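Enquirer: File follows, upload-v7.cif with mmCIF, C-alpha atoms:
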```cif
data_upload
#
loop_
_atom_site.group_PDB
_atom_site.id
_atom_site.type_symbol
_atom_site.label_atom_id
_atom_site.label_comp_id
_atom_site.auth_asym_id
_atom_site.auth_seq_id
_atom_site.Cartn_x
_atom_site.Cartn_y
_atom_site.Cartn_z
ATOM 1 C CA MET A 8 -3.623 39.579 -9.541
ATOM 2 C CA LYS A 9 -3.913 39.082 -5.789
ATOM 3 C CA SER A 10 -1.815 36.127 -4.638
ATOM 4 C CA GLU A 11 -3.834 33.394 -2.916
ATOM 5 C CA LEU A 12 -2.763 29.883 -1.996
ATOM 6 C CA VAL A 13 -3.958 27.064 -4.252
ATOM 7 C CA SER A 14 -4.021 23.552 -2.771
ATOM 8 C CA ILE A 15 -3.394 20.796 -5.319
ATOM 9 C CA ILE A 16 -4.292 17.242 -4.312
ATOM 10 C CA VAL A 17 -2.615 14.333 -6.110
ATOM 11 C CA PRO A 18 -3.708 10.780 -5.156
ATOM 12 C CA THR A 19 -1.218 8.099 -6.191
ATOM 13 C CA HIS A 20 -0.514 4.392 -5.911
ATOM 14 C CA ASN A 21 2.753 2.825 -7.117
ATOM 15 C CA ARG A 22 3.022 4.792 -10.363
ATOM 16 C CA ASN A 23 6.183 6.815 -9.831
ATOM 17 C CA ASN A 24 7.060 6.877 -13.524
ATOM 18 C CA LEU A 25 3.806 8.712 -14.191
ATOM 19 C CA LEU A 26 3.673 10.691 -10.961
ATOM 20 C CA ILE A 27 6.903 12.531 -11.730
ATOM 21 C CA ARG A 28 5.390 13.848 -14.982
ATOM 22 C CA ALA A 29 2.279 15.039 -13.127
ATOM 23 C CA LEU A 30 4.301 16.772 -10.397
ATOM 24 C CA ASN A 31 6.585 18.447 -12.934
ATOM 25 C CA SER A 32 3.526 19.861 -14.691
ATOM 26 C CA ILE A 33 2.541 21.468 -11.380
ATOM 27 C CA LYS A 34 6.026 22.765 -10.674
ATOM 28 C CA ASN A 35 6.071 24.393 -14.121
ATOM 29 C CA GLN A 36 2.890 26.401 -13.511
ATOM 30 C CA THR A 37 3.154 30.118 -14.262
ATOM 31 C CA TYR A 38 1.311 30.765 -10.982
ATOM 32 C CA LYS A 39 3.624 29.867 -8.121
ATOM 33 C CA ASP A 40 1.655 30.317 -4.879
ATOM 34 C CA PHE A 41 0.534 26.724 -4.349
ATOM 35 C CA GLU A 42 0.917 23.689 -2.133
ATOM 36 C CA VAL A 43 0.941 20.110 -3.426
ATOM 37 C CA LEU A 44 -0.461 17.330 -1.255
ATOM 38 C CA VAL A 45 0.592 13.929 -2.625
ATOM 39 C CA VAL A 46 -1.597 11.315 -0.938
ATOM 40 C CA ASP A 47 -0.030 7.859 -1.270
ATOM 41 C CA ASP A 48 -2.521 5.013 -1.034
ATOM 42 C CA ILE A 49 -0.119 2.640 0.819
ATOM 43 C CA GLY A 50 2.472 2.756 -1.937
ATOM 44 C CA ASN A 51 6.153 2.021 -1.446
ATOM 45 C CA GLU A 52 8.905 4.130 0.113
ATOM 46 C CA SER A 53 10.175 5.232 -3.289
ATOM 47 C CA THR A 54 7.116 7.480 -3.715
ATOM 48 C CA LYS A 55 8.056 9.409 -0.582
ATOM 49 C CA GLU A 56 11.613 9.667 -1.885
ATOM 50 C CA LEU A 57 10.360 10.930 -5.240
ATOM 51 C CA VAL A 58 8.369 13.738 -3.607
ATOM 52 C CA SER A 59 11.359 14.616 -1.412
ATOM 53 C CA SER A 60 13.611 14.744 -4.467
ATOM 54 C CA PHE A 61 11.822 17.883 -5.639
ATOM 55 C CA ALA A 62 13.450 19.679 -2.689
ATOM 56 C CA ASP A 63 10.531 22.086 -2.704
ATOM 57 C CA GLU A 64 8.799 23.166 0.503
ATOM 58 C CA ARG A 65 5.515 23.473 -1.412
ATOM 59 C CA PHE A 66 5.377 19.675 -1.948
ATOM 60 C CA PHE A 67 4.020 17.528 0.884
ATOM 61 C CA TYR A 68 3.803 13.745 1.176
ATOM 62 C CA MET A 69 1.218 11.820 3.202
ATOM 63 C CA ARG A 70 0.406 8.121 3.270
ATOM 64 C CA ASN A 71 -2.812 6.213 3.957
ATOM 65 C CA GLN A 72 -2.595 3.532 6.631
ATOM 66 C CA GLU A 73 -4.485 1.060 4.439
ATOM 67 C CA CYS A 74 -5.582 0.890 0.799
ATOM 68 C CA GLN A 75 -8.642 3.136 0.490
ATOM 69 C CA GLY A 76 -8.685 4.252 -3.150
ATOM 70 C CA ALA A 77 -8.359 7.575 -4.947
ATOM 71 C CA THR A 78 -11.663 9.030 -3.694
ATOM 72 C CA TYR A 79 -10.710 8.568 -0.048
ATOM 73 C CA SER A 80 -7.238 9.962 -0.792
ATOM 74 C CA ARG A 81 -8.695 13.098 -2.346
ATOM 75 C CA ASN A 82 -10.815 13.639 0.754
ATOM 76 C CA ILE A 83 -7.708 13.360 2.948
ATOM 77 C CA GLY A 84 -6.109 16.034 0.787
ATOM 78 C CA VAL A 85 -9.141 18.303 1.124
ATOM 79 C CA ARG A 86 -9.082 17.869 4.899
ATOM 80 C CA GLU A 87 -5.385 18.761 5.173
ATOM 81 C CA SER A 88 -5.385 21.584 2.622
ATOM 82 C CA LYS A 89 -4.690 25.190 3.627
ATOM 83 C CA GLY A 90 -5.450 27.018 0.384
ATOM 84 C CA ASN A 91 -8.064 29.503 -0.749
ATOM 85 C CA TYR A 92 -8.692 27.230 -3.731
ATOM 86 C CA ILE A 93 -8.561 23.464 -4.320
ATOM 87 C CA ALA A 94 -7.722 21.543 -7.473
ATOM 88 C CA PHE A 95 -7.077 17.863 -8.201
ATOM 89 C CA LEU A 96 -4.638 16.088 -10.495
ATOM 90 C CA ASP A 97 -4.459 12.330 -11.090
ATOM 91 C CA ASP A 98 -0.969 10.834 -11.089
ATOM 92 C CA ASP A 99 -1.217 9.679 -14.732
ATOM 93 C CA ASP A 100 -2.302 13.044 -16.193
ATOM 94 C CA GLU A 101 -0.751 16.497 -16.420
ATOM 95 C CA TRP A 102 -1.640 20.183 -16.500
ATOM 96 C CA TYR A 103 -0.663 22.825 -19.016
ATOM 97 C CA GLU A 104 1.480 25.533 -17.497
ATOM 98 C CA LYS A 105 -1.153 28.314 -17.390
ATOM 99 C CA LYS A 106 -3.970 26.218 -15.876
ATOM 100 C CA ILE A 107 -3.943 27.795 -12.430
ATOM 101 C CA GLU A 108 -3.339 31.302 -13.750
ATOM 102 C CA LEU A 109 -6.232 31.217 -16.224
ATOM 103 C CA GLN A 110 -8.700 29.756 -13.730
ATOM 104 C CA LEU A 111 -7.772 32.286 -11.053
ATOM 105 C CA GLU A 112 -8.397 35.104 -13.533
ATOM 106 C CA LYS A 113 -11.981 33.878 -13.826
ATOM 107 C CA PHE A 114 -12.418 33.780 -10.046
ATOM 108 C CA HIS A 115 -10.940 37.249 -9.589
ATOM 109 C CA ASN A 116 -13.228 38.689 -12.279
ATOM 110 C CA ASP A 117 -16.348 37.215 -10.669
ATOM 111 C CA LYS A 118 -16.355 36.822 -6.900
ATOM 112 C CA GLU A 119 -19.561 34.753 -6.997
ATOM 113 C CA LEU A 120 -17.982 31.810 -8.835
ATOM 114 C CA GLY A 121 -17.700 28.593 -6.869
ATOM 115 C CA LEU A 122 -16.178 26.417 -9.594
ATOM 116 C CA VAL A 123 -14.184 27.012 -12.786
ATOM 117 C CA TYR A 124 -13.419 24.249 -15.274
ATOM 118 C CA GLY A 125 -12.103 24.166 -18.850
ATOM 119 C CA LYS A 126 -11.179 22.086 -21.861
ATOM 120 C CA ILE A 127 -9.227 18.840 -21.549
ATOM 121 C CA ASP A 128 -7.003 17.414 -24.264
ATOM 122 C CA ILE A 129 -7.439 13.635 -24.343
ATOM 123 C CA ILE A 130 -4.809 11.486 -26.035
ATOM 124 C CA ILE A 131 -5.161 7.800 -26.897
ATOM 125 C CA THR A 132 -1.501 6.878 -26.818
ATOM 126 C CA SER A 133 -1.567 3.631 -28.784
ATOM 127 C CA LEU A 134 -3.385 5.325 -31.684
ATOM 128 C CA ASN A 135 -1.606 8.686 -31.443
ATOM 129 C CA LEU A 136 -5.114 10.180 -31.432
ATOM 130 C CA LYS A 137 -5.869 13.470 -29.697
ATOM 131 C CA TYR A 138 -9.157 15.291 -29.195
ATOM 132 C CA GLU A 139 -10.495 17.872 -26.754
ATOM 133 C CA THR A 140 -13.587 18.269 -24.619
ATOM 134 C CA LYS A 141 -15.752 21.273 -25.407
ATOM 135 C CA PRO A 142 -17.198 23.092 -22.365
ATOM 136 C CA PHE A 143 -20.226 25.293 -23.000
ATOM 137 C CA LYS A 144 -22.297 25.454 -19.798
ATOM 138 C CA LYS A 145 -21.789 28.279 -17.300
ATOM 139 C CA GLY A 146 -23.673 30.333 -14.763
ATOM 140 C CA ASN A 147 -26.357 28.582 -12.731
ATOM 141 C CA ILE A 148 -26.092 25.118 -14.281
ATOM 142 C CA TYR A 149 -27.605 22.920 -11.581
ATOM 143 C CA LYS A 150 -30.455 21.755 -13.825
ATOM 144 C CA ASP A 151 -28.038 21.138 -16.720
ATOM 145 C CA LEU A 152 -25.852 18.968 -14.520
ATOM 146 C CA LEU A 153 -28.835 16.861 -13.508
ATOM 147 C CA ILE A 154 -28.954 15.881 -17.189
ATOM 148 C CA GLU A 155 -25.260 15.447 -17.977
ATOM 149 C CA ASN A 156 -21.775 15.926 -16.482
ATOM 150 C CA TYR A 157 -20.817 19.024 -18.431
ATOM 151 C CA VAL A 158 -17.948 19.851 -16.054
ATOM 152 C CA GLY A 159 -15.984 16.671 -16.755
ATOM 153 C CA ALA A 160 -13.175 14.796 -15.045
ATOM 154 C CA THR A 161 -11.702 15.478 -11.610
ATOM 155 C CA ILE A 162 -8.463 16.895 -13.027
ATOM 156 C CA ILE A 163 -10.058 19.991 -14.567
ATOM 157 C CA PRO A 164 -12.150 22.044 -12.037
ATOM 158 C CA MET A 165 -10.844 24.452 -9.436
ATOM 159 C CA LEU A 166 -13.005 25.066 -6.348
ATOM 160 C CA ASN A 167 -13.255 28.406 -4.543
ATOM 161 C CA LEU A 168 -12.873 27.935 -0.779
ATOM 162 C CA ASN A 169 -13.463 31.646 -0.254
ATOM 163 C CA LEU A 170 -17.125 30.712 -0.843
ATOM 164 C CA ILE A 171 -17.329 26.938 -0.414
ATOM 165 C CA SER A 172 -16.692 25.161 2.868
ATOM 166 C CA LYS A 173 -14.340 22.179 3.019
ATOM 167 C CA LYS A 174 -17.252 20.021 4.108
ATOM 168 C CA GLU A 175 -18.968 20.742 0.781
ATOM 169 C CA CYS A 176 -15.866 19.629 -1.155
ATOM 170 C CA TYR A 177 -15.707 16.036 0.050
ATOM 171 C CA PHE A 178 -16.390 13.274 -2.452
ATOM 172 C CA ASP A 179 -18.990 10.660 -1.496
ATOM 173 C CA THR A 180 -17.011 7.452 -0.904
ATOM 174 C CA ASP A 181 -20.131 5.308 -1.361
ATOM 175 C CA TYR A 182 -19.819 5.772 -5.116
ATOM 176 C CA PRO A 183 -17.790 3.099 -6.968
ATOM 177 C CA ALA A 184 -17.586 5.590 -9.888
ATOM 178 C CA ARG A 185 -19.097 8.938 -10.952
ATOM 179 C CA GLU A 186 -18.360 10.432 -7.526
ATOM 180 C CA GLU A 187 -16.906 13.540 -9.196
ATOM 181 C CA TYR A 188 -20.172 14.064 -11.095
ATOM 182 C CA ASP A 189 -22.083 13.912 -7.809
ATOM 183 C CA LEU A 190 -19.789 16.585 -6.325
ATOM 184 C CA TRP A 191 -20.234 18.957 -9.272
ATOM 185 C CA ILE A 192 -24.026 18.611 -8.988
ATOM 186 C CA ARG A 193 -23.946 19.409 -5.283
ATOM 187 C CA LEU A 194 -21.746 22.465 -5.781
ATOM 188 C CA ALA A 195 -23.724 23.786 -8.757
ATOM 189 C CA LYS A 196 -26.885 23.793 -6.648
ATOM 190 C CA SER A 197 -25.467 26.633 -4.549
ATOM 191 C CA TYR A 198 -22.722 28.280 -6.617
ATOM 192 C CA LYS A 199 -22.149 29.753 -10.050
ATOM 193 C CA VAL A 200 -19.897 27.955 -12.540
ATOM 194 C CA ASP A 201 -17.681 29.226 -15.370
ATOM 195 C CA PHE A 202 -15.069 27.776 -17.707
ATOM 196 C CA VAL A 203 -11.837 28.688 -19.479
ATOM 197 C CA ASN A 204 -12.309 28.126 -23.198
ATOM 198 C CA THR A 205 -8.875 26.656 -23.804
ATOM 199 C CA PRO A 206 -7.260 23.292 -22.958
ATOM 200 C CA LEU A 207 -5.940 23.317 -19.399
ATOM 201 C CA ALA A 208 -4.969 19.658 -18.915
ATOM 202 C CA LEU A 209 -3.842 16.581 -20.789
ATOM 203 C CA SER A 210 -5.467 13.244 -19.956
ATOM 204 C CA TYR A 211 -3.930 10.007 -21.175
ATOM 205 C CA GLY A 212 -5.997 6.988 -22.161
ATOM 206 C CA ASP A 213 -5.630 3.736 -24.069
ATOM 207 C CA PHE A 214 -8.435 1.514 -25.278
ATOM 208 C CA ILE A 215 -6.530 -1.640 -24.312
ATOM 209 C CA ALA A 216 -6.032 -0.507 -20.720
ATOM 210 C CA LYS A 217 -7.746 -2.615 -18.048
ATOM 211 C CA ARG A 218 -8.037 -0.320 -15.063
ATOM 212 C CA ILE A 219 -10.396 -0.679 -12.103
ATOM 213 C CA SER A 220 -11.852 2.743 -12.932
ATOM 214 C CA SER A 221 -12.806 1.321 -16.310
ATOM 215 C CA ASP A 222 -15.016 -1.415 -14.865
ATOM 216 C CA ILE A 223 -18.392 -0.868 -16.563
ATOM 217 C CA LYS A 224 -20.261 -2.337 -13.597
ATOM 218 C CA ASN A 225 -18.810 0.348 -11.345
ATOM 219 C CA TYR A 226 -20.087 3.033 -13.689
ATOM 220 C CA GLU A 227 -23.518 1.410 -13.852
ATOM 221 C CA ASN A 228 -23.706 1.279 -10.050
ATOM 222 C CA GLY A 229 -22.542 4.877 -9.802
ATOM 223 C CA ILE A 230 -25.316 5.945 -12.172
ATOM 224 C CA LEU A 231 -27.877 4.013 -10.114
ATOM 225 C CA LEU A 232 -26.768 5.897 -6.990
ATOM 226 C CA LEU A 233 -27.033 9.226 -8.829
ATOM 227 C CA ASN A 234 -30.521 8.351 -10.067
ATOM 228 C CA LYS A 235 -31.671 7.440 -6.558
ATOM 229 C CA LYS A 236 -30.034 10.425 -4.848
ATOM 230 C CA TYR A 237 -31.477 13.014 -7.247
ATOM 231 C CA GLU A 238 -34.767 11.267 -8.018
ATOM 232 C CA LYS A 239 -36.891 14.039 -6.495
ATOM 233 C CA GLU A 240 -35.001 16.848 -8.254
ATOM 234 C CA ILE A 241 -35.113 15.038 -11.602
ATOM 235 C CA GLU A 242 -38.859 14.553 -11.287
ATOM 236 C CA GLU A 243 -39.524 18.170 -10.270
ATOM 237 C CA LEU A 244 -37.102 20.081 -12.497
ATOM 238 C CA LEU A 245 -36.823 18.130 -15.747
ATOM 239 C CA SER A 246 -39.376 17.886 -18.524
ATOM 240 C CA GLU A 247 -40.252 14.505 -20.008
ATOM 241 C CA SER A 248 -38.013 15.171 -23.018
ATOM 242 C CA GLU A 249 -35.128 16.165 -20.716
ATOM 243 C CA LYS A 250 -35.582 12.975 -18.699
ATOM 244 C CA LEU A 251 -35.395 10.985 -21.931
ATOM 245 C CA ASP A 252 -32.255 12.865 -23.002
ATOM 246 C CA ARG A 253 -30.742 12.082 -19.614
ATOM 247 C CA LYS A 254 -31.359 8.338 -20.027
ATOM 248 C CA ILE A 255 -29.895 8.395 -23.524
ATOM 249 C CA LEU A 256 -26.803 10.296 -22.408
ATOM 250 C CA GLN A 257 -26.235 7.805 -19.584
ATOM 251 C CA LEU A 258 -26.388 4.896 -22.026
ATOM 252 C CA LYS A 259 -24.031 6.639 -24.443
ATOM 253 C CA PHE A 260 -21.626 7.302 -21.589
ATOM 254 C CA LEU A 261 -21.616 3.607 -20.656
ATOM 255 C CA ALA A 262 -21.104 2.644 -24.299
ATOM 256 C CA ALA A 263 -18.124 4.992 -24.535
ATOM 257 C CA GLN A 264 -16.590 3.472 -21.393
ATOM 258 C CA ALA A 265 -17.060 0.002 -22.859
ATOM 259 C CA ILE A 266 -15.261 1.031 -26.040
ATOM 260 C CA LYS A 267 -12.368 2.384 -23.963
ATOM 261 C CA VAL A 268 -11.836 -1.089 -22.490
ATOM 262 C CA ASN A 269 -12.161 -2.736 -25.884
ATOM 263 C CA ASN A 270 -15.582 -4.263 -25.171
ATOM 264 C CA THR A 271 -17.691 -3.512 -28.226
ATOM 265 C CA LYS A 272 -20.281 -6.127 -27.223
ATOM 266 C CA ILE A 273 -21.393 -4.051 -24.241
ATOM 267 C CA ALA A 274 -21.179 -0.858 -26.297
ATOM 268 C CA ARG A 275 -23.433 -2.390 -28.954
ATOM 269 C CA LYS A 276 -25.974 -3.380 -26.304
ATOM 270 C CA LYS A 277 -26.053 0.147 -24.864
ATOM 271 C CA TYR A 278 -26.397 1.784 -28.277
ATOM 272 C CA PHE A 279 -29.251 -0.604 -29.117
ATOM 273 C CA GLU A 280 -31.023 0.520 -25.924
ATOM 274 C CA VAL A 281 -30.533 4.105 -27.076
ATOM 275 C CA LEU A 282 -32.056 3.262 -30.441
ATOM 276 C CA LYS A 283 -35.110 1.731 -28.767
ATOM 277 C CA LEU A 284 -35.611 4.853 -26.675
ATOM 278 C CA LYS A 285 -35.244 7.264 -29.576
ATOM 279 C CA LEU A 286 -35.145 6.188 -33.196
ATOM 280 C CA SER A 287 -33.067 8.672 -35.180
ATOM 281 C CA PHE A 288 -30.459 8.630 -37.914
ATOM 282 C CA LYS A 289 -27.723 9.701 -35.499
ATOM 283 C CA ASN A 290 -28.572 6.992 -32.975
ATOM 284 C CA LEU A 291 -28.679 4.419 -35.767
ATOM 285 C CA ILE A 292 -25.158 5.475 -36.776
ATOM 286 C CA PHE A 293 -23.984 5.011 -33.185
ATOM 287 C CA TYR A 294 -25.391 1.497 -33.169
ATOM 288 C CA LEU A 295 -23.927 0.536 -36.552
ATOM 289 C CA ILE A 296 -20.407 1.708 -35.761
ATOM 290 C CA SER A 297 -20.457 -0.445 -32.618
ATOM 291 C CA PHE A 298 -19.976 -3.411 -34.955
ATOM 292 C CA LEU A 299 -16.504 -2.073 -35.791
ATOM 293 C CA SER A 300 -13.409 -2.751 -33.708
ATOM 294 C CA ALA A 301 -12.726 -0.485 -30.751
ATOM 295 C CA LYS A 302 -9.666 0.850 -32.559
ATOM 296 C CA ASN A 303 -11.681 1.903 -35.608
ATOM 297 C CA ILE A 304 -14.376 3.452 -33.434
ATOM 298 C CA PHE A 305 -11.736 5.605 -31.780
ATOM 299 C CA LEU A 306 -10.413 6.668 -35.162
ATOM 300 C CA LEU A 307 -13.956 7.750 -36.115
ATOM 301 C CA ARG A 308 -14.074 9.986 -33.054
ATOM 302 C CA LYS A 309 -12.808 12.874 -35.161
ATOM 303 C CA TYR A 310 -16.156 12.875 -36.941
ATOM 304 C CA LEU A 311 -18.683 11.354 -34.522
ATOM 305 C CA LYS A 312 -19.123 11.827 -30.801
ATOM 306 C CA VAL A 313 -19.012 8.278 -29.407
#
```
Represent the supplied structure as structure tokens.

Expert:
Amino acid sequence: MKSELVSIIVPTHNRNNLLIRALNSIKNQTYKDFEVLVVDDIGNESTKELVSSFADERFFYMRNQECQGATYSRNIGVRESKGNYIAFLDDDDEWYEKKIELQLEKFHNDKELGLVYGKIDIIITSLNLKYETKPFKKGNIYKDLLIENYVGATIIPMLNLNLISKKECYFDTDYPAREEYDLWIRLAKSYKVDFVNTPLALSYGDFIAKRISSDIKNYENGILLLNKKYEKEIEELLSESEKLDRKILQLKFLAAQAIKVNNTKIARKKYFEVLKLKLSFKNLIFYLISFLSAKNIFLLRKYLKV
């Protein structure tokens, strides 16, 4: 395999105990030709010391002058990157050791690929519950992505800068959430997509966590921006049944986010809206299980996609 530099961008903010796990998962990659850009969103001096402690010339530290958030930090990393490929890792998640290697194999086998993603293992720590995402869309998937985010979270894709310009890789900072989904749509409009059919990353979650990224209102506003931005394309490219599916998937996404922050009341409301749009046995089940506790809903995830 031809050796090409991979730029890995890690935004962080005062979470050194988690950051060290993320950075170690990069250091342990089987593919070694990479650079790591840790972008500190006005954290403390100990984060700089932590990065320096790796004593590895592939690890670079940079610091925002004011608190701008993870999206802005990722864009700084894109701007400063020097690689042929770009990937992102959040400071509270980690990669499996063959992630880079397996994604590069896909790129080297098909020079027309702009983006390669893969499965993610998701673990709910307080419940000791683990499940994986199941990618199944590849090729020219622009229309598919107008319906649903089949690529997934920021930590999983790798972008091919041999084809894509840096300008095309910037996240839209106007989005309070779902900015990664917007980027995948934009890239899929011009470039082919593929996936590695094996888990490449481990994402940690907990239904009692109260993180800013879990604010349901942010997700709702992000969806509104997506709807407005792609209104013309949705109208022209999607059938009426596909538009309905899109609305239902958005509501189910919001319900799932509500469950993650232990708010079954909002989840129940969203599932009831789904039921009104499309009466089916499956949608009725979604609505009925929303009367359970968030913990029990998570435990049912082995059998039902919620």

Enquirer: Go ahead and compute the interatomic distance for CA of Leu291 (chain A) and CA of Ala160 (chain A), in Å to one decimal.

Expert: 27.9 Å

Enquirer: Need to verify the contact set: Glu108 (chain A), 8 Å, only C-alpha atoms, exclusion of same-chain residues closer than 6 positions in sequence. Can you return it as a ChimeraX atom specification?

Expert: /A:36-38

Enquirer: Leaving out Lys259 (chain A) and any residue of its chain fewer than 6 positions from it, which residues lie within 10 Å of it when counting all atoms listed in the file, given as a list in words?

Expert: Arg253, Ala265, Ala274, Lys277, Tyr278, Glu280, Val281, Asn290, Phe293, Lys312 and Val313 of chain A

Enquirer: Evaluate the PyMOL selection byres ((chain A and resi 183) around 6) and record the selected residues as a ChimeraX atom specification, following the chain and residue labels used in the document.

Expert: /A:182,184,225,229

Enquirer: Mind pulling up the distance from CA of Ser297 (chain A) to CA of Thr271 (chain A)?

Expert: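 Distance between the two atoms: 6.0 Å.
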
Enquirer: Can you give me, as a PyMOL selection string, the residues this file yields under the PyMOL selection byres ((chain A and resi 83) around 12)?

Expert: chain A and resi 15-18+44-48+68-72+75-82+84-88+173-174+176-178+180

Enquirer: Compare A:Arg22, A:Asn204, A:Asn269, A:Leu153 by their minimum atom-to-atom distance to Thr140 (chain A), counting all atoms listed in the file, and give me the closest one.

Expert: A:Asn204

Enquirer: May I have the residues within 7 Å of region 54-65 of chain A as a short mmCIF file (atom, residue, chain, number, x, y, z; two decimals) with C-alpha atoms, in the frame of the given file, using only C-alpha atoms and disregarding those fewer than 6 positions away in the same chain?

Expert:
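Heads up, here's the output in selection-v9.cif:
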```
data_model
loop_
_atom_site.label_atom_id
_atom_site.label_comp_id
_atom_site.auth_asym_id
_atom_site.auth_seq_id
_atom_site.Cartn_x
_atom_site.Cartn_y
_atom_site.Cartn_z
CA ASN A 23 6.18 6.82 -9.83
CA PHE A 41 0.53 26.72 -4.35
CA GLU A 42 0.92 23.69 -2.13
CA VAL A 43 0.94 20.11 -3.43
#
```

Enquirer: Which of these residues is nearest to Pro164 (chain A), using all atoms listed in the file: A:Ser246, A:Asn270, A:Ser32, A:Gln110?

Expert: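 For Pro164 (chain A), the nearest of the candidates is A:Gln110.
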
Enquirer: Go through A:Lys106, A:Asn91, A:Trp191, A:Glu240 one by one, measure the shortest atom-to-atom distance of each to Leu170 (chain A) using all atoms listed in the file, and give the residue with the smallest value.

Expert: A:Asn91
